[in-house]
$ cat data.pdb   # PDB, C-alpha atoms
ATOM      1  CA  MET A   1      -8.069 -22.961  -7.219
ATOM      2  CA  ILE A   2      -5.276 -20.575  -8.216
ATOM      3  CA  SER A   3      -2.106 -22.500  -9.022
ATOM      4  CA  GLY A   4       0.326 -22.784  -6.132
ATOM      5  CA  LEU A   5      -1.624 -20.379  -3.930
ATOM      6  CA  ARG A   6      -0.874 -22.188  -0.680
ATOM      7  CA  GLN A   7       2.861 -22.147  -1.417
ATOM      8  CA  ILE A   8       2.704 -18.464  -2.352
ATOM      9  CA  ARG A   9       0.904 -17.639   0.900
ATOM     10  CA  GLU A  10       3.466 -19.536   2.940
ATOM     11  CA  PHE A  11       6.317 -17.794   1.103
ATOM     12  CA  VAL A  12       4.863 -14.338   1.774
ATOM     13  CA  GLN A  13       4.171 -15.176   5.405
ATOM     14  CA  GLN A  14       7.816 -16.204   5.816
ATOM     15  CA  GLN A  15       8.987 -12.977   4.173
ATOM     16  CA  LEU A  16       6.701 -10.528   6.003
ATOM     17  CA  GLY A  17       5.584 -12.345   9.138
ATOM     18  CA  TYR A  18       7.846 -10.286  11.398
ATOM     19  CA  GLU A  19       7.670  -7.023   9.464
ATOM     20  CA  THR A  20       7.143  -4.027  11.767
ATOM     21  CA  THR A  21       6.263  -1.037   9.573
ATOM     22  CA  GLY A  22       2.616  -1.907   8.925
ATOM     23  CA  HIS A  23       3.403  -3.851   5.753
ATOM     24  CA  ASP A  24       3.212  -7.229   7.440
ATOM     25  CA  TYR A  25       1.296 -10.359   6.490
ATOM     26  CA  THR A  26      -1.952  -9.114   8.040
ATOM     27  CA  HIS A  27      -1.770  -6.136   5.661
ATOM     28  CA  ILE A  28      -1.319  -8.581   2.784
ATOM     29  CA  GLU A  29      -4.361 -10.586   3.874
ATOM     30  CA  ARG A  30      -6.509  -7.455   3.966
ATOM     31  CA  VAL A  31      -5.287  -6.348   0.527
ATOM     32  CA  VAL A  32      -6.068  -9.773  -0.915
ATOM     33  CA  SER A  33      -9.574  -9.665   0.607
ATOM     34  CA  LEU A  34     -10.140  -6.221  -0.889
ATOM     35  CA  THR A  35      -8.951  -7.344  -4.328
ATOM     36  CA  LYS A  36     -11.491 -10.167  -4.226
ATOM     37  CA  LEU A  37     -14.221  -7.700  -3.313
ATOM     38  CA  ILE A  38     -13.256  -5.371  -6.175
ATOM     39  CA  LEU A  39     -12.940  -8.305  -8.583
ATOM     40  CA  LYS A  40     -16.659  -9.022  -8.239
ATOM     41  CA  GLY A  41     -17.367  -5.920 -10.317
ATOM     42  CA  GLU A  42     -14.551  -6.284 -12.833
ATOM     43  CA  ASP A  43     -13.712  -8.634 -15.710
ATOM     44  CA  ALA A  44     -10.085  -9.287 -14.812
ATOM     45  CA  ASP A  45      -7.603 -12.148 -14.485
ATOM     46  CA  GLU A  46      -8.229 -13.339 -10.930
ATOM     47  CA  SER A  47      -5.027 -15.368 -10.749
ATOM     48  CA  LEU A  48      -2.847 -12.388 -11.707
ATOM     49  CA  VAL A  49      -4.681 -10.058  -9.326
ATOM     50  CA  VAL A  50      -4.483 -12.348  -6.300
ATOM     51  CA  ILE A  51      -0.868 -13.422  -6.850
ATOM     52  CA  ALA A  52       0.264  -9.809  -7.324
ATOM     53  CA  ALA A  53      -1.676  -8.781  -4.209
ATOM     54  CA  TYR A  54       0.107 -11.409  -2.141
ATOM     55  CA  LEU A  55       3.555 -10.472  -3.463
ATOM     56  CA  HIS A  56       3.305  -6.694  -3.816
ATOM     57  CA  ASP A  57       5.366  -5.748  -0.734
ATOM     58  CA  VAL A  58       7.959  -8.537  -0.615
ATOM     59  CA  SER A  59      10.596  -6.672  -2.653
ATOM     60  CA  ASP A  60       9.595  -3.137  -1.652
ATOM     61  CA  ASP A  61      12.488  -1.005  -0.412
ATOM     62  CA  LYS A  62      10.370   0.034   2.587
ATOM     63  CA  VAL A  63      10.633  -3.464   3.997
ATOM     64  CA  THR A  64      13.934  -4.829   2.687
ATOM     65  CA  THR A  65      17.489  -3.577   2.319
ATOM     66  CA  ASN A  66      18.054  -5.917  -0.636
ATOM     67  CA  PRO A  67      15.164  -5.530  -3.092
ATOM     68  CA  GLU A  68      16.973  -7.342  -5.891
ATOM     69  CA  ALA A  69      17.482 -10.480  -3.820
ATOM     70  CA  LYS A  70      13.795 -10.424  -2.887
ATOM     71  CA  ARG A  71      12.831 -10.008  -6.544
ATOM     72  CA  GLN A  72      14.831 -13.087  -7.427
ATOM     73  CA  ALA A  73      13.184 -14.979  -4.573
ATOM     74  CA  ILE A  74       9.784 -14.045  -6.017
ATOM     75  CA  VAL A  75      10.797 -15.244  -9.477
ATOM     76  CA  THR A  76      12.066 -18.526  -8.060
ATOM     77  CA  GLN A  77       8.886 -19.054  -6.052
ATOM     78  CA  LEU A  78       6.606 -18.346  -9.003
ATOM     79  CA  LYS A  79       8.551 -20.673 -11.265
ATOM     80  CA  ASN A  80       8.529 -23.390  -8.619
ATOM     81  CA  VAL A  81       4.730 -23.397  -8.581
ATOM     82  CA  GLY A  82       4.458 -23.415 -12.360
ATOM     83  CA  TYR A  83       4.101 -19.835 -13.587
ATOM     84  CA  ASP A  84       5.837 -18.933 -16.859
ATOM     85  CA  ASP A  85       7.937 -15.899 -17.772
ATOM     86  CA  PRO A  86       5.092 -13.876 -19.387
ATOM     87  CA  PHE A  87       2.955 -14.238 -16.254
ATOM     88  CA  ILE A  88       5.892 -13.321 -13.995
ATOM     89  CA  LYS A  89       6.548 -10.238 -16.136
ATOM     90  CA  LYS A  90       2.931  -9.145 -15.641
ATOM     91  CA  VAL A  91       3.278  -9.584 -11.864
ATOM     92  CA  PHE A  92       6.330  -7.317 -11.784
ATOM     93  CA  GLU A  93       4.671  -4.753 -14.057
ATOM     94  CA  ILE A  94       2.088  -4.420 -11.298
ATOM     95  CA  ILE A  95       4.250  -4.480  -8.177
ATOM     96  CA  ASP A  96       6.962  -2.240  -9.674
ATOM     97  CA  ASN A  97       4.561   0.496 -10.773
ATOM     98  CA  MET A  98       1.626   0.528  -8.340
ATOM     99  CA  SER A  99       3.044   2.316  -5.300
ATOM    100  CA  TYR A 100       2.331   5.932  -4.421
ATOM    101  CA  SER A 101       6.038   6.801  -4.470
ATOM    102  CA  ALA A 102       6.476   5.273  -7.944
ATOM    103  CA  ASN A 103       3.813   7.635  -9.265
ATOM    104  CA  LEU A 104       4.873  10.908  -7.661
ATOM    105  CA  LYS A 105       6.483  12.287 -10.820
ATOM    106  CA  THR A 106       5.383   9.847 -13.537
ATOM    107  CA  HIS A 107       1.917   8.340 -13.730
ATOM    108  CA  HIS A 108       2.180   4.670 -14.659
ATOM    109  CA  GLN A 109      -0.752   3.328 -16.653
ATOM    110  CA  LEU A 110      -1.512  -0.006 -15.034
ATOM    111  CA  SER A 111      -3.462  -2.906 -16.483
ATOM    112  CA  LEU A 112      -6.935  -3.457 -15.042
ATOM    113  CA  GLU A 113      -5.397  -6.140 -12.821
ATOM    114  CA  GLY A 114      -2.793  -3.648 -11.628
ATOM    115  CA  GLN A 115      -5.447  -1.031 -10.947
ATOM    116  CA  ILE A 116      -7.371  -3.484  -8.777
ATOM    117  CA  VAL A 117      -4.302  -4.363  -6.680
ATOM    118  CA  GLN A 118      -3.364  -0.686  -6.429
ATOM    119  CA  ASP A 119      -6.865   0.215  -5.247
ATOM    120  CA  ALA A 120      -6.886  -2.558  -2.649
ATOM    121  CA  ASP A 121      -3.479  -1.545  -1.317
ATOM    122  CA  ARG A 122      -4.492   2.098  -1.114
ATOM    123  CA  LEU A 123      -7.774   1.280   0.605
ATOM    124  CA  ASP A 124      -5.806  -0.399   3.384
ATOM    125  CA  ALA A 125      -3.813   2.831   3.752
ATOM    126  CA  ILE A 126      -6.916   4.869   4.608
ATOM    127  CA  GLY A 127      -9.780   4.682   7.091
ATOM    128  CA  ALA A 128      -9.455   3.419  10.665
ATOM    129  CA  ILE A 129      -6.795   0.826   9.900
ATOM    130  CA  GLY A 130      -5.009   3.359   7.733
ATOM    131  CA  ILE A 131      -4.814   5.724  10.711
ATOM    132  CA  ALA A 132      -3.372   2.973  12.897
ATOM    133  CA  ARG A 133      -0.850   1.941  10.231
ATOM    134  CA  THR A 134       0.242   5.554   9.736
ATOM    135  CA  PHE A 135       1.145   5.962  13.397
ATOM    136  CA  TYR A 136       2.729   2.499  13.481
ATOM    137  CA  PHE A 137       4.867   3.318  10.438
ATOM    138  CA  GLY A 138       5.831   6.773  11.715
ATOM    139  CA  GLY A 139       6.740   5.455  15.142
ATOM    140  CA  HIS A 140       8.897   2.738  13.576
ATOM    141  CA  PHE A 141      10.963   5.407  11.827
ATOM    142  CA  GLY A 142      11.049   7.844  14.739
ATOM    143  CA  GLU A 143       8.780  10.505  13.283
ATOM    144  CA  ILE A 144       7.113  12.997  15.606
ATOM    145  CA  MET A 145       3.341  12.994  15.702
ATOM    146  CA  TYR A 146       2.700  16.639  14.966
ATOM    147  CA  ASN A 147       4.280  20.061  14.813
ATOM    148  CA  PRO A 148       1.938  22.839  13.646
ATOM    149  CA  ARG A 149       4.953  24.879  12.519
ATOM    150  CA  VAL A 150       5.979  22.186  10.029
ATOM    151  CA  MET A 151       3.889  22.489   6.892
ATOM    152  CA  PRO A 152       2.997  19.530   4.663
ATOM    153  CA  ARG A 153       5.395  19.082   1.764
ATOM    154  CA  LYS A 154       4.347  19.518  -1.863
ATOM    155  CA  ASP A 155       5.674  18.380  -5.260
ATOM    156  CA  MET A 156       7.883  15.666  -3.784
ATOM    157  CA  ASP A 157       9.982  13.161  -5.648
ATOM    158  CA  LYS A 158      10.599   9.727  -4.145
ATOM    159  CA  ALA A 159      13.779  10.814  -2.312
ATOM    160  CA  GLU A 160      11.975  13.722  -0.652
ATOM    161  CA  TYR A 161       8.947  11.578   0.107
ATOM    162  CA  ARG A 162      11.145   9.067   1.938
ATOM    163  CA  LYS A 163      12.564  11.747   4.270
ATOM    164  CA  GLN A 164      11.104  12.058   7.742
ATOM    165  CA  GLY A 165       8.200  14.387   8.232
ATOM    166  CA  THR A 166       5.414  14.421  10.793
ATOM    167  CA  ILE A 167       2.763  11.760  11.098
ATOM    168  CA  ILE A 168      -0.146  14.183  10.814
ATOM    169  CA  ASN A 169       1.388  15.787   7.725
ATOM    170  CA  HIS A 170       1.391  12.372   6.061
ATOM    171  CA  PHE A 171      -2.390  12.608   5.884
ATOM    172  CA  TYR A 172      -2.084  15.791   3.812
ATOM    173  CA  GLU A 173       0.941  14.668   1.812
ATOM    174  CA  LYS A 174      -0.578  11.348   0.759
ATOM    175  CA  LEU A 175      -3.583   9.806   2.479
ATOM    176  CA  PHE A 176      -6.198  12.498   1.801
ATOM    177  CA  LYS A 177      -5.235  12.363  -1.893
ATOM    178  CA  LEU A 178      -5.878   8.663  -2.348
ATOM    179  CA  LYS A 179      -9.682   8.845  -2.527
ATOM    180  CA  ASP A 180      -9.523  10.743  -5.807
ATOM    181  CA  GLN A 181      -6.882   8.391  -7.212
ATOM    182  CA  MET A 182      -8.941   5.200  -6.970
ATOM    183  CA  ASN A 183      -9.457   3.406 -10.272
ATOM    184  CA  THR A 184     -12.523   1.183  -9.849
ATOM    185  CA  PRO A 185     -16.119   2.027  -8.865
ATOM    186  CA  THR A 186     -16.032  -0.329  -5.873
ATOM    187  CA  ALA A 187     -12.853   1.219  -4.503
ATOM    188  CA  LYS A 188     -14.160   4.742  -5.026
ATOM    189  CA  GLN A 189     -17.262   3.913  -3.006
ATOM    190  CA  ILE A 190     -15.300   2.362  -0.127
ATOM    191  CA  ALA A 191     -12.819   5.247  -0.135
ATOM    192  CA  GLU A 192     -15.553   7.842   0.416
ATOM    193  CA  HIS A 193     -16.389   6.431   3.842
ATOM    194  CA  ARG A 194     -12.773   5.860   4.834
ATOM    195  CA  GLN A 195     -11.921   9.438   3.864
ATOM    196  CA  GLN A 196     -14.593  10.727   6.243
ATOM    197  CA  ILE A 197     -13.129   8.643   9.070
ATOM    198  CA  MET A 198      -9.662  10.120   8.522
ATOM    199  CA  LYS A 199     -10.885  13.706   8.166
ATOM    200  CA  ALA A 200     -12.839  13.463  11.408
ATOM    201  CA  PHE A 201      -9.847  11.966  13.197
ATOM    202  CA  VAL A 202      -7.352  14.606  12.047
ATOM    203  CA  ASN A 203      -9.754  17.433  12.905
ATOM    204  CA  GLU A 204     -10.285  15.966  16.386
ATOM    205  CA  PHE A 205      -6.552  15.402  16.840
ATOM    206  CA  VAL A 206      -5.683  19.016  16.000
ATOM    207  CA  ASP A 207      -8.462  20.359  18.228
ATOM    208  CA  GLU A 208      -7.253  18.273  21.162
ATOM    209  CA  TRP A 209      -3.617  19.204  20.466
ATOM    210  CA  ASN A 210      -4.570  22.901  20.577
ATOM    211  CA  GLY A 211      -6.670  22.411  23.710
ATOM    212  CA  THR A 212      -9.874  23.593  22.088
ATOM    213  CA  LYS A 213     -11.764  20.406  22.951
TER     214      LYS A 213
END

$ encode --input "data.pdb" --output "structure tokens"
Amino acid sequence: MISGLRQIREFVQQQLGYETTGHDYTHIERVVSLTKLILKGEDADESLVVIAAYLHDVSDDKVTTNPEAKRQAIVTQLKNVGYDDPFIKKVFEIIDNMSYSANLKTHHQLSLEGQIVQDADRLDAIGAIGIARTFYFGGHFGEIMYNPRVMPRKDMDKAEYRKQGTIINHFYEKLFKLKDQMNTPTAKQIAEHRQQIMKAFVNEFVDEWNGTK
């Protein structure tokens, strides 16, 4: 049993239980399940992978206006359940450098454990649930669904990426790119199918929008 896992789960549930951008506790549960699936084919530190998967969104600036306070809360929680400073440093090396926005201009070379968590998180951003989360996230921030006159953005930095766009453009700006950015064989295999689901959806959406179907 991973040290302090029940307390970590309860902490994350308290932090993200009422989150409304698609980065809630159910997202965390799916990411953790995916990390365990990927772990079966990798020789990695299970404790580090699972703990980082649970904590990866708690201090993210998408879900909190005070990331530093949330970081300190994570440190306190990890120390309370017995993790030492070197382990905590490894957790933050993963959660600080795994996001899509953190890698827009600089590619961060993650540990194998970090690659597994990154893959799991990105898998939950694509496929059928990824489609639902994209519309949920866009609606939360008041984005329009689609405007064929607004082209997808390219070569964005984090500030540009955070600006409002259209929900359909988000597929081109990020989601369709994730399949080719997976690190592990298991994630690459899962991503192939989820990519097909998204491509079919966007094609159908545009056809219906244009009245051709």

$ resolve_selection --input "data.pdb" --expression "the PyMOL selection byres ((chain A and resi 156) around 12)" --output "number ranges by chain"
A: 100-106, 152-155, 157-163, 173-174

$ residues_around --input "data.pdb" --residues "Val202 of chain A" --least-positions-apart "5" --cutoff "10 Å" --atoms "all atoms listed in the file" --output "list in words"
Ile131, Ile168, Asn169, Phe171, Tyr172, Ile197, Asp207 and Glu208 of chain A

$ residues_around --input "data.pdb" --residues "segment 27-39 of chain A" --least-positions-apart "5" --cutoff "10 Å" --atoms "all atoms listed in the file" --output "ChimeraX atom specification"
/A:9,12-13,16,22,44-46,49-58,113,115-125,129,133,184-187

$ resolve_selection --input "data.pdb" --expression "the PyMOL selection byres ((chain A and resi 138) around 12)" --output "list in words"
Thr20, Thr21, Gly22, Ile131, Ala132, Arg133, Thr134, Phe135, Tyr136, Phe137, Gly139, His140, Phe141, Gly142, Glu143, Ile144, Met145, Tyr146, Arg162, Lys163, Gln164, Gly165, Thr166, Ile167, Ile168, Asn169, His170 and Phe171 of chain A

$ closest_residue --input "data.pdb" --among "A:Asp60, A:Val75, A:Asp84, A:Leu5" --to "Asp96 of chain A" --atoms "all atoms listed in the file"
A:Asp60

$ axis_aligned_box --input "data.pdb" --around "segment 17-33 of chain A" --padding-each-side "5 Å" --output "JSON"
{"center_x": -0.9, "center_y": -6.7, "center_z": 5.4, "size_x": 27.4, "size_y": 21.3, "size_z": 22.7}

$ atom_distance --input "data.pdb" --atom1 "atom CA of Arg6 of chain A" --atom2 "atom CA of Ile94 of chain A"
20.9 Å

$ closest_residue --input "data.pdb" --among "A:Phe201, A:His193, A:Gln7, A:Leu178" --to "Asn80 of chain A" --atoms "only C-alpha atoms"
A:Gln7

$ residues_around --input "data.pdb" --residues "Gly82 of chain A" --least-positions-apart "3" --cutoff "9 Å" --atoms "all atoms listed in the file" --output "short mmCIF file (atom, residue, chain, number, x, y, z; two decimals) with C-alpha atoms, in the frame of the given file"
data_model
loop_
_atom_site.label_atom_id
_atom_site.label_comp_id
_atom_site.auth_asym_id
_atom_site.auth_seq_id
_atom_site.Cartn_x
_atom_site.Cartn_y
_atom_site.Cartn_z
CA SER A 3 -2.11 -22.50 -9.02
CA GLY A 4 0.33 -22.78 -6.13
CA GLN A 77 8.89 -19.05 -6.05
CA LEU A 78 6.61 -18.35 -9.00
CA LYS A 79 8.55 -20.67 -11.26
#

$ atom_distance --input "data.pdb" --atom1 "atom CA of Phe11 of chain A" --atom2 "atom CA of Glu68 of chain A"
16.5 Å

$ atom_distance --input "data.pdb" --atom1 "atom CA of Gly127 of chain A" --atom2 "atom CA of Asp24 of chain A"
17.6 Å

$ closest_residue --input "data.pdb" --among "A:Ile126, A:Ile88, A:Ile190, A:Met98" --to "Gln72 of chain A" --atoms "all atoms listed in the file"
A:Ile88

$ closest_residue --input "data.pdb" --among "A:Ser59, A:Ser111, A:Thr64, A:Gln15" --to "Asp43 of chain A" --atoms "all atoms listed in the file"
A:Ser111

$ decode --input "data.pdb" --residues "segment 44-57 of chain A" --atoms "all heavy atoms" --output "tab-separated table (two decimals), in the first residue's frame"
chain	number	residue	atom	x	y	z
A	44	ALA	N	8.87	1.57	-13.29
A	44	ALA	CA	8.89	2.91	-12.70
A	44	ALA	C	8.47	2.86	-11.23
A	44	ALA	O	7.93	1.84	-10.77
A	44	ALA	CB	7.94	3.83	-13.48
A	45	ASP	N	8.72	3.95	-10.53
A	45	ASP	CA	8.39	4.06	-9.11
A	45	ASP	C	6.88	4.30	-8.98
A	45	ASP	O	6.39	5.41	-9.22
A	45	ASP	CB	9.18	5.23	-8.51
A	45	ASP	CG	8.94	5.41	-7.01
A	45	ASP	OD1	7.92	4.93	-6.49
A	45	ASP	OD2	9.77	6.08	-6.37
A	46	GLU	N	6.16	3.26	-8.61
A	46	GLU	CA	4.70	3.34	-8.55
A	46	GLU	C	4.24	4.41	-7.57
A	46	GLU	O	3.29	5.16	-7.85
A	46	GLU	CB	4.09	1.99	-8.15
A	46	GLU	CG	2.57	2.02	-8.06
A	46	GLU	CD	1.98	0.71	-7.62
A	46	GLU	OE1	2.75	-0.22	-7.30
A	46	GLU	OE2	0.73	0.61	-7.58
A	47	SER	N	4.88	4.50	-6.42
A	47	SER	CA	4.47	5.48	-5.42
A	47	SER	C	4.56	6.89	-5.97
A	47	SER	O	3.63	7.68	-5.84
A	47	SER	CB	5.34	5.34	-4.16
A	47	SER	OG	4.96	6.29	-3.19
A	48	LEU	N	5.68	7.22	-6.62
A	48	LEU	CA	5.86	8.56	-7.18
A	48	LEU	C	4.83	8.84	-8.27
A	48	LEU	O	4.23	9.92	-8.33
A	48	LEU	CB	7.27	8.72	-7.73
A	48	LEU	CG	7.62	10.05	-8.39
A	48	LEU	CD1	7.38	11.22	-7.44
A	48	LEU	CD2	9.07	10.03	-8.88
A	49	VAL	N	4.60	7.87	-9.13
A	49	VAL	CA	3.64	8.03	-10.23
A	49	VAL	C	2.24	8.30	-9.69
A	49	VAL	O	1.56	9.26	-10.10
A	49	VAL	CB	3.65	6.79	-11.14
A	49	VAL	CG1	2.47	6.84	-12.12
A	49	VAL	CG2	4.95	6.69	-11.91
A	50	VAL	N	1.78	7.47	-8.78
A	50	VAL	CA	0.41	7.58	-8.29
A	50	VAL	C	0.20	8.86	-7.47
A	50	VAL	O	-0.80	9.56	-7.64
A	50	VAL	CB	0.03	6.33	-7.47
A	50	VAL	CG1	-1.32	6.51	-6.78
A	50	VAL	CG2	0.00	5.10	-8.37
A	51	ILE	N	1.15	9.18	-6.61
A	51	ILE	CA	1.03	10.40	-5.81
A	51	ILE	C	1.02	11.64	-6.71
A	51	ILE	O	0.20	12.55	-6.53
A	51	ILE	CB	2.17	10.49	-4.77
A	51	ILE	CG1	2.05	9.36	-3.74
A	51	ILE	CG2	2.17	11.86	-4.09
A	51	ILE	CD1	0.77	9.39	-2.92
A	52	ALA	N	1.92	11.69	-7.69
A	52	ALA	CA	1.94	12.83	-8.61
A	52	ALA	C	0.65	12.91	-9.42
A	52	ALA	O	0.14	14.01	-9.69
A	52	ALA	CB	3.15	12.74	-9.53
A	53	ALA	N	0.12	11.75	-9.81
A	53	ALA	CA	-1.14	11.75	-10.57
A	53	ALA	C	-2.27	12.33	-9.73
A	53	ALA	O	-3.09	13.12	-10.24
A	53	ALA	CB	-1.48	10.33	-11.01
A	54	TYR	N	-2.34	11.96	-8.47
A	54	TYR	CA	-3.38	12.52	-7.61
A	54	TYR	C	-3.24	14.03	-7.44
A	54	TYR	O	-4.23	14.77	-7.40
A	54	TYR	CB	-3.35	11.85	-6.23
A	54	TYR	CG	-4.24	10.63	-6.14
A	54	TYR	CD1	-3.68	9.35	-6.03
A	54	TYR	CD2	-5.63	10.74	-6.16
A	54	TYR	CE1	-4.49	8.23	-5.95
A	54	TYR	CE2	-6.44	9.62	-6.09
A	54	TYR	CZ	-5.87	8.37	-5.98
A	54	TYR	OH	-6.68	7.26	-5.92
A	55	LEU	N	-2.01	14.53	-7.35
A	55	LEU	CA	-1.79	15.92	-6.97
A	55	LEU	C	-1.59	16.87	-8.15
A	55	LEU	O	-1.50	18.08	-7.94
A	55	LEU	CB	-0.55	16.00	-6.06
A	55	LEU	CG	-0.67	15.33	-4.69
A	55	LEU	CD1	0.70	15.26	-4.03
A	55	LEU	CD2	-1.65	16.09	-3.81
A	56	HIS	N	-1.57	16.36	-9.38
A	56	HIS	CA	-1.05	17.16	-10.48
A	56	HIS	C	-1.84	18.43	-10.79
A	56	HIS	O	-1.29	19.37	-11.38
A	56	HIS	CB	-0.91	16.30	-11.75
A	56	HIS	CG	-2.20	16.04	-12.47
A	56	HIS	ND1	-3.05	14.99	-12.15
A	56	HIS	CD2	-2.79	16.68	-13.51
A	56	HIS	CE1	-4.07	14.99	-12.96
A	56	HIS	NE2	-3.96	16.02	-13.80
A	57	ASP	N	-3.11	18.50	-10.42
A	57	ASP	CA	-3.90	19.70	-10.75
A	57	ASP	C	-4.17	20.62	-9.55
A	57	ASP	O	-4.72	21.71	-9.73
A	57	ASP	CB	-5.25	19.30	-11.36
A	57	ASP	CG	-5.17	19.14	-12.87
A	57	ASP	OD1	-4.25	19.70	-13.49
A	57	ASP	OD2	-6.03	18.42	-13.43
